[in-house]
Amino acid sequence: MTPIPLSLYDLAIASLLVLAGAGASLALSLGVHRALLWTAARMIVQLLLVGLVLRAVFAWSSPLVTALMVAAMIAAAAREAGSRQERRLAGPWQALIGTAAVSVPTLAVTVLALTTALRPSPWYDARHAIPLAGIVLGNAMNAASLALDGAFTAAWHQRAAIDARLALGDDRRAALGPIVRQAVKSGLLPTLNTMAAAGIITMPGIMTGQILAGMDPLAAARYQILLMFLLAGGSMLGAVLAATLAARRLTDERHRLRLDRLRRR
Amino acid sequence: MTDTDAAPTLTPMPARAPLAGLSDLAGPASLRVRAVSGAGRGPFSLCVAPGTCAIVSGASGTGKSLLLRMIADLDPSQGQVSLGDMPRERFGGPAWRRQVMYVAAESGWWSDHVLEHMEDVPAATAMLAPLRLPADILRAPVGQLSTGERQRLALVRALVRRPRFLLLDEPTSALDRDSTLAVEALLRTRQQLGLGLLVVSHNPEQAARLGNRHYRLGAAGLEALPA
């Protein structure tokens, strides 16, 4: 079950596809050759760097280094999760909610998987913990980011309806309930689509990689199923945290709607 | 600026044991607003007794809506607002607004159908004919209502929750004369049952028909007009 090793020569041949694409862009004046070449070059550097770093971290096999690595990944994801909404919370709240919504699901789901389903020895073994945390993190980040955007946009556009309920004496839970539900739904949508399409419309990346690396397809499918469960749990937790924390920060202890805490980017 | 109480049954007793003020809610208690300010406006002081109506008039942009929203605790404010001797801080926000309910000039609706907004459907149905609304309007989609219908139904959905005080922001601005008089007649019957009203109105005739007290909001602040 050893993977077929790739030589530089193999990669060079595959890179001809990107070069050909750039050539076509030039010939047909599509104007994408610069972006194509630049992002391809960036991708090479990023992946080689990650490979080098991971090789070093695996060789180190120190729990502290692994924890630092995961913490750095979470910090980067937290920043991304809160950075693309049309409106954002004033002060440190955007960053705080982003961090909570990506770190809690990542840590909870990764530790759960490492101590129950995968059980490497030791359970915090870097070779398992870091890639697993990374994939859960990416999904939780997407879910949190979409849920935050959904919550802010909906609260802004439906403020008259929210305010009417609060004025009539409903509490913030009732008044913002529909908005939290919409936000969670939009945060979860990509994960639902991925699960529904898995194996029929798309071949999941992990499974493809493992089959290419020589794993039995059924064993690879089991791995993929496990991962899908982990990703679904992580996304759900991330979306729910993001939406409920956003709804809470958009109201105060007297159950007033506080859209003054939102800033347009 | 007067801050005297129109209800003779109520004697203000500032220093009382914490829960003693609750007894005031059993009997009639006035809505008292003392030196309330917020968003750079105020301080405002006024008092509305149960079963009476106070009118607030004044040019656009002087903060009449803000005043009502601050009293209902929908916008942050400083100052003292109380029901009788019970300061609003002793209520939770929603509990306070069930007693002192604000109805905006332009109403927001959170569901597709009118019916889903009514807490007490029989009570709402009973108000339709007096307000000159069609009998089947509760089953209509909100999107099909006219502006005037929306305005009256927003009043209905507040009244069925039985607040002690209603803060009405231009409640008849979208209504013709007959509908306006119908709304006023309904409000008067509610007043006789003890409902207190604080109404923002630009209409001097309406103010004369409804108001027991008149306040004008201007650059100098809230001014009580002689009756």
# chains A, B, ... in the order shown; residues from 1 in each chain; ligands from 1

call {"tool": "residues_around", "arguments": {"residues": "range 103-118 of chain A", "least_positions_apart": "2", "cutoff": "10 Å", "atoms": "only C-alpha atoms", "output": "ChimeraX atom specification"}}
result
/A:70-71,73-75,77-78,97-101,120-125,128-141,223,226-227,229-239,241

call {"tool": "write_last_selection", "arguments": {"atoms": "N, CA and C atoms", "output": "CSV table (one decimal), in the first residue's frame"}}
result
chain,number,residue,atom,x,y,z
A,70,VAL,N,-1.4,24.0,16.1
A,70,VAL,CA,-2.8,24.0,16.0
A,70,VAL,C,-3.3,25.4,16.4
A,71,ALA,N,-2.7,26.0,17.5
A,71,ALA,CA,-3.1,27.3,17.9
A,71,ALA,C,-2.9,28.4,16.8
A,73,MET,N,-2.9,27.8,13.6
A,73,MET,CA,-3.9,27.5,12.6
A,73,MET,C,-5.3,28.1,13.0
A,74,ILE,N,-5.6,27.9,14.3
A,74,ILE,CA,-6.9,28.5,14.7
A,74,ILE,C,-6.9,30.0,14.7
A,75,ALA,N,-5.8,30.6,15.0
A,75,ALA,CA,-5.7,32.1,15.0
A,75,ALA,C,-5.9,32.6,13.6
A,77,ALA,N,-7.5,31.0,11.1
A,77,ALA,CA,-8.9,30.8,10.7
A,77,ALA,C,-9.8,31.7,11.4
A,78,ALA,N,-9.6,32.1,12.6
A,78,ALA,CA,-10.5,33.0,13.3
A,78,ALA,C,-10.5,34.4,12.6
A,97,ILE,N,-15.9,36.6,18.7
A,97,ILE,CA,-16.9,35.6,18.3
A,97,ILE,C,-16.3,34.7,17.2
A,98,GLY,N,-15.5,35.2,16.3
A,98,GLY,CA,-14.8,34.4,15.3
A,98,GLY,C,-14.0,33.3,15.9
A,99,THR,N,-13.2,33.7,16.9
A,99,THR,CA,-12.3,32.8,17.5
A,99,THR,C,-13.1,31.7,18.3
A,100,ALA,N,-14.1,32.1,19.0
A,100,ALA,CA,-14.9,31.1,19.7
A,100,ALA,C,-15.6,30.1,18.7
A,101,ALA,N,-16.1,30.7,17.6
A,101,ALA,CA,-16.8,29.8,16.7
A,101,ALA,C,-15.9,28.9,15.9
A,120,PRO,N,-4.7,7.1,17.6
A,120,PRO,CA,-3.3,6.9,17.4
A,120,PRO,C,-2.6,6.9,18.8
A,121,SER,N,-1.3,6.5,18.8
A,121,SER,CA,-0.6,6.4,20.1
A,121,SER,C,0.6,7.2,20.0
A,122,PRO,N,0.8,8.3,20.8
A,122,PRO,CA,-0.2,8.8,21.8
A,122,PRO,C,-1.3,9.5,21.0
A,123,TRP,N,-2.4,9.8,21.7
A,123,TRP,CA,-3.6,10.3,21.0
A,123,TRP,C,-3.3,11.7,20.3
A,124,TYR,N,-2.4,12.4,20.9
A,124,TYR,CA,-2.0,13.8,20.3
A,124,TYR,C,-0.9,13.7,19.3
A,125,ASP,N,-0.6,12.5,18.8
A,125,ASP,CA,0.4,12.3,17.7
A,125,ASP,C,0.2,13.4,16.6
A,128,HIS,N,-1.4,12.7,13.1
A,128,HIS,CA,-2.9,12.6,13.0
A,128,HIS,C,-3.6,13.9,13.4
A,129,ALA,N,-3.1,14.5,14.5
A,129,ALA,CA,-3.8,15.6,15.1
A,129,ALA,C,-3.8,16.8,14.2
A,130,ILE,N,-2.7,17.1,13.5
A,130,ILE,CA,-2.6,18.4,12.8
A,130,ILE,C,-3.4,18.4,11.5
A,131,PRO,N,-3.3,17.3,10.7
A,131,PRO,CA,-4.2,17.3,9.5
A,131,PRO,C,-5.7,17.3,9.8
A,132,LEU,N,-6.0,16.5,10.9
A,132,LEU,CA,-7.4,16.4,11.3
A,132,LEU,C,-7.9,17.7,11.8
A,133,ALA,N,-7.2,18.4,12.6
A,133,ALA,CA,-7.6,19.7,13.1
A,133,ALA,C,-7.7,20.7,11.9
A,134,GLY,N,-6.8,20.6,10.9
A,134,GLY,CA,-6.9,21.5,9.8
A,134,GLY,C,-8.1,21.3,9.0
A,135,ILE,N,-8.6,20.1,8.8
A,135,ILE,CA,-9.7,19.9,7.9
A,135,ILE,C,-11.0,20.3,8.6
A,136,VAL,N,-11.1,20.0,10.0
A,136,VAL,CA,-12.2,20.4,10.7
A,136,VAL,C,-12.3,22.0,10.8
A,137,LEU,N,-11.1,22.5,11.0
A,137,LEU,CA,-11.0,24.0,11.1
A,137,LEU,C,-11.5,24.7,9.9
A,138,GLY,N,-11.1,24.2,8.7
A,138,GLY,CA,-11.5,24.8,7.4
A,138,GLY,C,-13.0,24.8,7.3
A,139,ASN,N,-13.6,23.7,7.7
A,139,ASN,CA,-15.1,23.6,7.6
A,139,ASN,C,-15.8,24.5,8.6
A,140,ALA,N,-15.3,24.5,9.8
A,140,ALA,CA,-15.9,25.3,10.9
A,140,ALA,C,-15.8,26.8,10.5
A,141,MET,N,-14.6,27.1,9.9
A,141,MET,CA,-14.4,28.5,9.5
A,141,MET,C,-15.4,28.9,8.4
A,223,TYR,N,-13.1,5.9,5.9
A,223,TYR,CA,-12.4,7.1,6.3
A,223,TYR,C,-13.2,8.3,6.0
A,226,LEU,N,-16.2,8.8,8.2
A,226,LEU,CA,-15.9,9.3,9.5
A,226,LEU,C,-15.6,10.8,9.4
A,227,LEU,N,-14.8,11.2,8.3
A,227,LEU,CA,-14.5,12.6,8.2
A,227,LEU,C,-15.7,13.4,8.0
A,229,PHE,N,-18.7,12.9,9.0
A,229,PHE,CA,-19.4,13.1,10.3
A,229,PHE,C,-18.7,14.2,11.2
A,230,LEU,N,-17.4,14.1,11.2
A,230,LEU,CA,-16.6,15.1,11.9
A,230,LEU,C,-16.9,16.5,11.4
A,231,LEU,N,-16.8,16.6,10.1
A,231,LEU,CA,-17.0,17.9,9.5
A,231,LEU,C,-18.4,18.4,9.7
A,232,ALA,N,-19.4,17.5,9.6
A,232,ALA,CA,-20.8,18.0,9.8
A,232,ALA,C,-21.0,18.5,11.3
A,233,GLY,N,-20.4,17.7,12.2
A,233,GLY,CA,-20.5,18.1,13.6
A,233,GLY,C,-19.8,19.4,13.8
A,234,GLY,N,-18.6,19.6,13.3
A,234,GLY,CA,-17.8,20.8,13.4
A,234,GLY,C,-18.5,22.0,12.8
A,235,SER,N,-19.1,21.8,11.6
A,235,SER,CA,-19.8,23.0,10.9
A,235,SER,C,-21.0,23.4,11.7
A,236,MET,N,-21.7,22.4,12.2
A,236,MET,CA,-23.0,22.7,12.9
A,236,MET,C,-22.6,23.5,14.2
A,237,LEU,N,-21.6,23.0,14.9
A,237,LEU,CA,-21.2,23.7,16.2
A,237,LEU,C,-20.7,25.1,15.8
A,238,GLY,N,-19.9,25.2,14.8
A,238,GLY,CA,-19.4,26.5,14.4
A,238,GLY,C,-20.5,27.5,14.0
A,239,ALA,N,-21.5,27.0,13.2
A,239,ALA,CA,-22.5,27.9,12.7
A,239,ALA,C,-23.4,28.3,13.9
A,241,LEU,N,-22.7,28.4,17.1
A,241,LEU,CA,-21.9,29.3,18.0
A,241,LEU,C,-21.9,30.7,17.4

call {"tool": "select_by_dssp", "arguments": {"residues": "range 13-236 of chain A", "states": "helix (DSSP H, G or I)", "output": "number ranges by chain"}}
result
A: 13-27, 33-60, 63-81, 93-118, 126-157, 159-167, 172-197, 205-212, 217-236

call {"tool": "residues_around", "arguments": {"residues": "Gly143 in chain B", "least_positions_apart": "6", "cutoff": "12 Å", "atoms": "only C-alpha atoms", "output": "PyMOL selection string"}}
result
chain B and resi 108-114+137+149-150

call {"tool": "closest_atom_pairs", "arguments": {"of": "chain A", "to": "chain B", "cutoff": "10 Å", "atoms": "only C-alpha atoms", "output": "Markdown table"}}
result
| residue | atom | partner | partner_atom | distance |
| --- | --- | --- | --- | --- |
| A:Gln158 | CA | B:Trp110 | CA | 8.1 |
| A:Arg159 | CA | B:Gly108 | CA | 8.0 |
| A:Ala160 | CA | B:Gly108 | CA | 4.5 |
| A:Ala161 | CA | B:Gly108 | CA | 4.0 |
| A:Ile162 | CA | B:Trp110 | CA | 7.2 |
| A:Asp163 | CA | B:Gly108 | CA | 7.3 |
| A:Ala164 | CA | B:Gly108 | CA | 5.4 |
| A:Arg165 | CA | B:Trp110 | CA | 7.9 |
| A:Leu166 | CA | B:Pro94 | CA | 6.9 |
| A:Ala167 | CA | B:Tyr102 | CA | 5.5 |
| A:Leu168 | CA | B:Met101 | CA | 6.0 |
| A:Gly169 | CA | B:Pro94 | CA | 4.3 |
| A:Asp170 | CA | B:Pro94 | CA | 5.7 |
| A:Asp171 | CA | B:Pro94 | CA | 5.4 |
| A:Arg172 | CA | B:Pro94 | CA | 8.4 |
| A:Ala175 | CA | B:Trp110 | CA | 8.7 |
| A:Pro178 | CA | B:Trp110 | CA | 8.7 |
| A:Asp252 | CA | B:Gly93 | CA | 9.6 |
| A:Glu253 | CA | B:Gly93 | CA | 7.8 |
| A:Arg254 | CA | B:Gly93 | CA | 4.5 |
| A:His255 | CA | B:Gly93 | CA | 5.6 |
| A:Arg256 | CA | B:Leu74 | CA | 5.3 |
| A:Leu257 | CA | B:Leu74 | CA | 7.4 |
| A:Arg258 | CA | B:Asp75 | CA | 8.4 |

call {"tool": "residues_around", "arguments": {"residues": "Asn212 in chain B", "least_positions_apart": "4", "cutoff": "8 Å", "atoms": "only C-alpha atoms", "output": "NGL selection string"}}
result
:B and (52-55 or 227)

call {"tool": "write_last_selection", "arguments": {"atoms": "C-alpha atoms", "output": "mmCIF file, in the first residue's frame"}}
result
data_model
loop_
_atom_site.group_PDB
_atom_site.id
_atom_site.type_symbol
_atom_site.label_atom_id
_atom_site.label_comp_id
_atom_site.auth_asym_id
_atom_site.auth_seq_id
_atom_site.Cartn_x
_atom_site.Cartn_y
_atom_site.Cartn_z
ATOM 1 C CA THR B 52 -55.915 59.336 30.621
ATOM 2 C CA CYS B 53 -54.269 60.458 27.417
ATOM 3 C CA ALA B 54 -51.263 62.718 27.046
ATOM 4 C CA ILE B 55 -50.435 64.176 23.642
ATOM 5 C CA ALA B 227 -55.177 72.527 29.363
#

call {"tool": "residues_around", "arguments": {"residues": "Cys47 in chain B", "least_positions_apart": "5", "cutoff": "6 Å", "atoms": "only C-alpha atoms", "output": "PyMOL selection string"}}
result
chain B and resi 31-33

call {"tool": "write_last_selection", "arguments": {"atoms": "C-alpha atoms", "output": "compact mmCIF listing (two decimals), in the first residue's frame"}}
result
# COMPACT_ATOMS: atom_id res chain seq x y z
CA LEU B 31 -46.39 56.12 34.21
CA ARG B 32 -43.81 58.55 35.54
CA VAL B 33 -40.90 59.79 33.48
